[in-house]
$ cat run-v9.pdb   # PDB, C-alpha atoms
ATOM      1  CA  VAL R   1       0.000   0.000   0.000
ATOM      2  CA  PRO R   2       1.670   3.256  -1.070
ATOM      3  CA  LEU R   3       2.208   5.957   1.550
ATOM      4  CA  TRP R   4       3.119   8.725  -0.915
ATOM      5  CA  THR R   5       2.075   9.765  -4.376
ATOM      6  CA  ALA R   6       3.797  12.326  -6.575
ATOM      7  CA  ASN R   7       1.771  14.411  -9.021
ATOM      8  CA  GLN R   8       3.559  16.276 -11.800
ATOM      9  CA  MET R   9       2.369  19.826 -12.441
ATOM     10  CA  ALA R  10       2.328  21.563 -15.846
ATOM     11  CA  ASP R  11       5.438  23.618 -14.941
ATOM     12  CA  GLY R  12       7.532  20.467 -14.366
ATOM     13  CA  THR R  13       7.372  20.598 -10.574
ATOM     14  CA  VAL R  14       5.826  17.829  -8.504
ATOM     15  CA  ILE R  15       3.735  17.792  -5.370
ATOM     16  CA  PHE R  16       4.147  15.004  -2.832
ATOM     17  CA  ILE R  17       0.920  13.828  -1.212
ATOM     18  CA  TYR R  18       0.894  11.666   1.900
ATOM     19  CA  VAL R  19      -1.836   9.166   1.004
ATOM     20  CA  PRO R  20      -3.149   8.321   4.524
ATOM     21  CA  ASN R  21      -4.319  11.909   5.163
ATOM     22  CA  GLY R  22      -4.177  13.531   1.698
ATOM     23  CA  GLU R  23      -1.861  16.337   2.847
ATOM     24  CA  CYS R  24       1.061  17.796   0.897
ATOM     25  CA  LEU R  25       4.731  18.028   1.819
ATOM     26  CA  THR R  26       5.392  21.673   2.736
ATOM     27  CA  PRO R  27       8.259  23.648   4.298
ATOM     28  CA  SER R  28       7.516  24.434   7.931
ATOM     29  CA  PRO R  29       7.493  28.051   9.105
ATOM     30  CA  GLY R  30      11.131  29.110   9.100
ATOM     31  CA  GLY R  31      11.854  26.834   6.135
ATOM     32  CA  THR R  32      14.375  24.464   7.732
ATOM     33  CA  THR R  33      12.144  21.417   8.168
ATOM     34  CA  VAL R  34       9.150  19.979   6.359
ATOM     35  CA  THR R  35       5.643  19.248   7.504
ATOM     36  CA  LEU R  36       2.327  18.120   6.058
ATOM     37  CA  ALA R  37      -0.363  20.682   5.264
ATOM     38  CA  HIS R  38      -3.653  20.991   3.402
ATOM     39  CA  CYS R  39      -2.841  20.873  -0.329
ATOM     40  CA  THR R  40      -3.075  24.310  -1.939
ATOM     41  CA  LEU R  41      -0.687  23.653  -4.870
ATOM     42  CA  GLN R  42       1.143  26.926  -4.142
ATOM     43  CA  ALA R  43       4.894  27.259  -4.844
ATOM     44  CA  SER R  44       5.692  26.211  -1.273
ATOM     45  CA  GLN R  45       4.212  22.768  -1.996
ATOM     46  CA  ARG R  46       5.941  22.320  -5.348
ATOM     47  CA  TRP R  47       9.250  20.561  -5.736
ATOM     48  CA  ARG R  48      11.552  20.890  -8.756
ATOM     49  CA  PRO R  49      13.708  17.877  -9.720
ATOM     50  CA  VAL R  50      17.428  18.725  -9.713
ATOM     51  CA  ASN R  51      20.183  16.543 -11.237
ATOM     52  CA  PRO R  52      17.747  13.816 -12.332
ATOM     53  CA  MET R  53      19.067  10.402 -13.302
ATOM     54  CA  THR R  54      17.880   6.811 -13.584
ATOM     55  CA  ALA R  55      19.029   3.968 -11.319
ATOM     56  CA  LEU R  56      17.809   0.426 -11.888
ATOM     57  CA  GLY R  57      15.153   1.829 -14.212
ATOM     58  CA  GLN R  58      13.756   4.198 -11.575
ATOM     59  CA  PRO R  59      13.980   8.014 -11.595
ATOM     60  CA  VAL R  60      16.209   9.522  -8.907
ATOM     61  CA  ALA R  61      16.610  13.259  -8.238
ATOM     62  CA  LYS R  62      17.137  15.947  -5.660
ATOM     63  CA  TYR R  63      13.989  17.971  -5.034
ATOM     64  CA  ALA R  64      14.313  21.732  -4.548
ATOM     65  CA  ASN R  65      11.350  23.561  -3.101
ATOM     66  CA  ALA R  66       9.937  26.023  -5.652
ATOM     67  CA  SER R  67       9.474  28.665  -2.951
ATOM     68  CA  THR R  68      12.636  28.387  -0.825
ATOM     69  CA  GLY R  69      15.009  26.903  -3.413
ATOM     70  CA  HIS R  70      16.369  24.538  -0.750
ATOM     71  CA  CYS R  71      16.561  20.788  -1.252
ATOM     72  CA  LEU R  72      14.810  18.055   0.659
ATOM     73  CA  THR R  73      17.552  16.452   2.773
ATOM     74  CA  ALA R  74      17.682  13.182   4.711
ATOM     75  CA  PRO R  75      19.723  12.762   7.904
ATOM     76  CA  PRO R  76      23.394  12.051   7.082
ATOM     77  CA  PRO R  77      24.492   8.416   6.854
ATOM     78  CA  PRO R  78      26.537   6.887   9.679
ATOM     79  CA  VAL R  79      30.227   7.784   9.666
ATOM     80  CA  HIS R  80      31.424   4.175  10.072
ATOM     81  CA  ASP R  81      29.920   0.928   8.808
ATOM     82  CA  HIS R  82      29.385  -0.326  12.383
ATOM     83  CA  ASP R  83      27.582   2.878  13.483
ATOM     84  CA  PRO R  84      23.773   2.744  13.826
ATOM     85  CA  PRO R  85      21.680   4.578  11.225
ATOM     86  CA  ASN R  86      20.847   8.241  11.800
ATOM     87  CA  PRO R  87      17.057   8.276  11.820
ATOM     88  CA  GLY R  88      15.323  11.578  11.982
ATOM     89  CA  PRO R  89      13.102  13.970  10.115
ATOM     90  CA  ALA R  90      13.855  15.322   6.681
ATOM     91  CA  THR R  91      15.088  18.902   6.566
ATOM     92  CA  LEU R  92      15.570  21.585   3.942
ATOM     93  CA  ALA R  93      19.143  22.605   3.145
ATOM     94  CA  VAL R  94      21.101  24.385   0.443
ATOM     95  CA  CYS R  95      21.261  22.050  -2.543
ATOM     96  CA  GLY R  96      24.637  20.318  -2.542
ATOM     97  CA  PRO R  97      26.700  18.965  -5.411
ATOM     98  CA  ALA R  98      25.388  16.346  -7.800
ATOM     99  CA  ARG R  99      25.203  12.850  -6.314
ATOM    100  CA  ASP R 100      24.897  14.035  -2.711
ATOM    101  CA  LYS R 101      23.283  10.883  -1.327
ATOM    102  CA  THR R 102      21.506  12.730   1.506
ATOM    103  CA  GLN R 103      19.580  14.719  -1.113
ATOM    104  CA  GLU R 104      18.774  12.053  -3.715
ATOM    105  CA  PHE R 105      15.312  10.552  -3.567
ATOM    106  CA  ALA R 106      13.650   7.804  -5.573
ATOM    107  CA  PHE R 107      10.099   6.586  -5.668
ATOM    108  CA  TRP R 108      10.122   2.857  -6.295
ATOM    109  CA  TRP R 109       7.094   1.519  -8.078
ATOM    110  CA  ASN R 110       5.829  -2.016  -8.141
ATOM    111  CA  ALA R 111       3.034  -3.674 -10.030
TER     112      ALA R 111
END
$ encode --input "run-v9.pdb" --output "structure tokens"
Amino acid sequence: VPLWTANQMADGTVIFIYVPNGECLTPSPGGTTVTLAHCTLQASQRWRPVNPMTALGQPVAKYANASTGHCLTAPPPPVHDHDPPNPGPATLAVCGPARDKTQEFAFWWNA
């Protein structure tokens, strides 16, 4: 059962909708974290793919917010292989160089 859906807008941006409650991914006030909010389709809820590529037949890209220009960013990976993962909320940060793994996202589809 999918938890997220991505809808492409006419301007090439996408909106991310959390399926269980129908709300859209939106920068929080202050613009450093993300939250869910009623979908309005405004620039703050639109995400522009940056440095898109394909991996294993699936699209992968960074997603810059159309309002803030900052990229959706996951917590950094552990420093050492034996370190536990760094769980935590996604944040918004200045878009880094291409292939920055903390800013690349893929939506894996299955039939």
$ resolve_selection --input "run-v9.pdb" --expression "the PyMOL selection byres ((chain R and resi 68) around 12)" --output "ChimeraX atom specification"
/R:26-34,43-48,63-67,69-72,92-95
$ closest_residue --input "run-v9.pdb" --among "R:Ala74, R:Leu36, R:Val79, R:Ala61" --to "R:Val14" --atoms "all atoms listed in the file"
R:Ala61
$ residues_around --input "run-v9.pdb" --residues "R:Pro59" --least-positions-apart "6" --cutoff "10 Å" --atoms "all atoms listed in the file" --output "MDAnalysis selection string"
chainID R and resid 52:53 105:108
$ atom_distance --input "run-v9.pdb" --atom1 "atom CA of R:Pro75" --atom2 "atom CA of R:Gln58"
22.1 Å
$ residues_around --input "run-v9.pdb" --residues "R:His38" --least-positions-apart "2" --cutoff "8 Å" --atoms "only C-alpha atoms" --output "ChimeraX atom specification"
/R:22-24,36,40
$ atom_distance --input "run-v9.pdb" --atom1 "atom CA of R:Lys101" --atom2 "atom CA of R:Pro77"
8.6 Å
$ atom_distance --input "run-v9.pdb" --atom1 "atom CA of R:Val60" --atom2 "atom CA of R:Gly88"
21.0 Å
$ resolve_selection --input "run-v9.pdb" --expression "the PyMOL selection byres ((chain R and resi 18) around 12)" --output "list in words"
Val1, Pro2, Leu3, Trp4, Thr5, Ala6, Asn7, Ile15, Phe16, Ile17, Val19, Pro20, Asn21, Gly22, Glu23, Cys24, Leu25, Thr26, Thr35, Leu36, Ala37, His38 and Cys39 of chain R
$ write_last_selection --input "run-v9.pdb" --atoms "C-alpha atoms" --output "PDB file, keeping the file's coordinate frame"
ATOM      1  CA  VAL R   1       0.000   0.000   0.000  1.00  0.00           C
ATOM      2  CA  PRO R   2       1.670   3.256  -1.070  1.00  0.00           C
ATOM      3  CA  LEU R   3       2.208   5.957   1.550  1.00  0.00           C
ATOM      4  CA  TRP R   4       3.119   8.725  -0.915  1.00  0.00           C
ATOM      5  CA  THR R   5       2.075   9.765  -4.376  1.00  0.00           C
ATOM      6  CA  ALA R   6       3.797  12.326  -6.575  1.00  0.00           C
ATOM      7  CA  ASN R   7       1.771  14.411  -9.021  1.00  0.00           C
ATOM      8  CA  ILE R  15       3.735  17.792  -5.370  1.00  0.00           C
ATOM      9  CA  PHE R  16       4.147  15.004  -2.832  1.00  0.00           C
ATOM     10  CA  ILE R  17       0.920  13.828  -1.212  1.00  0.00           C
ATOM     11  CA  VAL R  19      -1.836   9.166   1.004  1.00  0.00           C
ATOM     12  CA  PRO R  20      -3.149   8.321   4.524  1.00  0.00           C
ATOM     13  CA  ASN R  21      -4.319  11.909   5.163  1.00  0.00           C
ATOM     14  CA  GLY R  22      -4.177  13.531   1.698  1.00  0.00           C
ATOM     15  CA  GLU R  23      -1.861  16.337   2.847  1.00  0.00           C
ATOM     16  CA  CYS R  24       1.061  17.796   0.897  1.00  0.00           C
ATOM     17  CA  LEU R  25       4.731  18.028   1.819  1.00  0.00           C
ATOM     18  CA  THR R  26       5.392  21.673   2.736  1.00  0.00           C
ATOM     19  CA  THR R  35       5.643  19.248   7.504  1.00  0.00           C
ATOM     20  CA  LEU R  36       2.327  18.120   6.058  1.00  0.00           C
ATOM     21  CA  ALA R  37      -0.363  20.682   5.264  1.00  0.00           C
ATOM     22  CA  HIS R  38      -3.653  20.991   3.402  1.00  0.00           C
ATOM     23  CA  CYS R  39      -2.841  20.873  -0.329  1.00  0.00           C
TER      24      CYS R  39
END
$ decode --input "run-v9.pdb" --residues "stretch 25-37 of chain R" --atoms "all heavy atoms" --output "PDB file, in the first residue's frame"
ATOM      1  N   LEU R  25       3.451  17.702   1.204  1.00  0.00           N
ATOM      2  CA  LEU R  25       4.731  18.028   1.819  1.00  0.00           C
ATOM      3  C   LEU R  25       5.005  19.520   1.624  1.00  0.00           C
ATOM      4  O   LEU R  25       4.931  20.034   0.508  1.00  0.00           O
ATOM      5  CB  LEU R  25       5.844  17.196   1.167  1.00  0.00           C
ATOM      6  CG  LEU R  25       7.195  17.239   1.840  1.00  0.00           C
ATOM      7  CD1 LEU R  25       7.125  16.604   3.237  1.00  0.00           C
ATOM      8  CD2 LEU R  25       8.223  16.524   0.986  1.00  0.00           C
ATOM      9  N   THR R  26       5.293  20.212   2.722  1.00  0.00           N
ATOM     10  CA  THR R  26       5.392  21.673   2.736  1.00  0.00           C
ATOM     11  C   THR R  26       6.509  22.106   3.679  1.00  0.00           C
ATOM     12  O   THR R  26       6.668  21.516   4.750  1.00  0.00           O
ATOM     13  CB  THR R  26       4.061  22.264   3.272  1.00  0.00           C
ATOM     14  OG1 THR R  26       2.984  21.736   2.513  1.00  0.00           O
ATOM     15  CG2 THR R  26       4.038  23.760   3.219  1.00  0.00           C
ATOM     16  N   PRO R  27       7.290  23.128   3.331  1.00  0.00           N
ATOM     17  CA  PRO R  27       8.259  23.648   4.298  1.00  0.00           C
ATOM     18  C   PRO R  27       7.527  24.163   5.542  1.00  0.00           C
ATOM     19  O   PRO R  27       6.462  24.774   5.437  1.00  0.00           O
ATOM     20  CB  PRO R  27       8.935  24.807   3.569  1.00  0.00           C
ATOM     21  CG  PRO R  27       8.704  24.549   2.129  1.00  0.00           C
ATOM     22  CD  PRO R  27       7.374  23.850   2.058  1.00  0.00           C
ATOM     23  N   SER R  28       8.105  23.910   6.705  1.00  0.00           N
ATOM     24  CA  SER R  28       7.516  24.434   7.931  1.00  0.00           C
ATOM     25  C   SER R  28       7.834  25.920   8.032  1.00  0.00           C
ATOM     26  O   SER R  28       8.709  26.417   7.332  1.00  0.00           O
ATOM     27  CB  SER R  28       8.069  23.678   9.140  1.00  0.00           C
ATOM     28  OG  SER R  28       9.458  23.876   9.214  1.00  0.00           O
ATOM     29  N   PRO R  29       7.135  26.643   8.901  1.00  0.00           N
ATOM     30  CA  PRO R  29       7.493  28.051   9.105  1.00  0.00           C
ATOM     31  C   PRO R  29       8.973  28.136   9.496  1.00  0.00           C
ATOM     32  O   PRO R  29       9.446  27.363  10.306  1.00  0.00           O
ATOM     33  CB  PRO R  29       6.584  28.487  10.256  1.00  0.00           C
ATOM     34  CG  PRO R  29       5.413  27.558  10.173  1.00  0.00           C
ATOM     35  CD  PRO R  29       5.989  26.235   9.707  1.00  0.00           C
ATOM     36  N   GLY R  30       9.686  29.015   8.886  1.00  0.00           N
ATOM     37  CA  GLY R  30      11.131  29.110   9.100  1.00  0.00           C
ATOM     38  C   GLY R  30      11.913  28.413   7.998  1.00  0.00           C
ATOM     39  O   GLY R  30      13.074  28.699   7.795  1.00  0.00           O
ATOM     40  N   GLY R  31      11.275  27.460   7.308  1.00  0.00           N
ATOM     41  CA  GLY R  31      11.854  26.834   6.135  1.00  0.00           C
ATOM     42  C   GLY R  31      13.032  25.901   6.332  1.00  0.00           C
ATOM     43  O   GLY R  31      13.749  25.624   5.390  1.00  0.00           O
ATOM     44  N   THR R  32      13.250  25.376   7.546  1.00  0.00           N
ATOM     45  CA  THR R  32      14.375  24.464   7.732  1.00  0.00           C
ATOM     46  C   THR R  32      13.949  23.006   7.847  1.00  0.00           C
ATOM     47  O   THR R  32      14.782  22.118   7.734  1.00  0.00           O
ATOM     48  CB  THR R  32      15.195  24.839   8.978  1.00  0.00           C
ATOM     49  OG1 THR R  32      14.333  24.819  10.114  1.00  0.00           O
ATOM     50  CG2 THR R  32      15.835  26.214   8.820  1.00  0.00           C
ATOM     51  N   THR R  33      12.677  22.775   8.100  1.00  0.00           N
ATOM     52  CA  THR R  33      12.144  21.417   8.168  1.00  0.00           C
ATOM     53  C   THR R  33      10.917  21.341   7.265  1.00  0.00           C
ATOM     54  O   THR R  33      10.504  22.340   6.680  1.00  0.00           O
ATOM     55  CB  THR R  33      11.755  21.021   9.610  1.00  0.00           C
ATOM     56  OG1 THR R  33      10.756  21.920  10.089  1.00  0.00           O
ATOM     57  CG2 THR R  33      12.953  21.034  10.540  1.00  0.00           C
ATOM     58  N   VAL R  34      10.357  20.160   7.167  1.00  0.00           N
ATOM     59  CA  VAL R  34       9.150  19.979   6.359  1.00  0.00           C
ATOM     60  C   VAL R  34       8.029  19.455   7.235  1.00  0.00           C
ATOM     61  O   VAL R  34       8.254  18.863   8.287  1.00  0.00           O
ATOM     62  CB  VAL R  34       9.386  19.039   5.157  1.00  0.00           C
ATOM     63  CG1 VAL R  34      10.287  19.685   4.136  1.00  0.00           C
ATOM     64  CG2 VAL R  34       9.947  17.708   5.585  1.00  0.00           C
ATOM     65  N   THR R  35       6.830  19.687   6.788  1.00  0.00           N
ATOM     66  CA  THR R  35       5.643  19.248   7.504  1.00  0.00           C
ATOM     67  C   THR R  35       4.594  18.859   6.470  1.00  0.00           C
ATOM     68  O   THR R  35       4.814  19.001   5.265  1.00  0.00           O
ATOM     69  CB  THR R  35       5.137  20.375   8.435  1.00  0.00           C
ATOM     70  OG1 THR R  35       4.110  19.856   9.273  1.00  0.00           O
ATOM     71  CG2 THR R  35       4.638  21.584   7.664  1.00  0.00           C
ATOM     72  N   LEU R  36       3.463  18.396   6.931  1.00  0.00           N
ATOM     73  CA  LEU R  36       2.327  18.120   6.058  1.00  0.00           C
ATOM     74  C   LEU R  36       1.284  19.198   6.274  1.00  0.00           C
ATOM     75  O   LEU R  36       1.054  19.626   7.405  1.00  0.00           O
ATOM     76  CB  LEU R  36       1.730  16.745   6.365  1.00  0.00           C
ATOM     77  CG  LEU R  36       2.636  15.558   6.069  1.00  0.00           C
ATOM     78  CD1 LEU R  36       1.998  14.265   6.569  1.00  0.00           C
ATOM     79  CD2 LEU R  36       2.930  15.459   4.591  1.00  0.00           C
ATOM     80  N   ALA R  37       0.655  19.636   5.179  1.00  0.00           N
ATOM     81  CA  ALA R  37      -0.363  20.682   5.264  1.00  0.00           C
ATOM     82  C   ALA R  37      -1.426  20.430   4.194  1.00  0.00           C
ATOM     83  O   ALA R  37      -1.175  19.723   3.206  1.00  0.00           O
ATOM     84  CB  ALA R  37       0.268  22.059   5.076  1.00  0.00           C
TER      85      ALA R  37
END
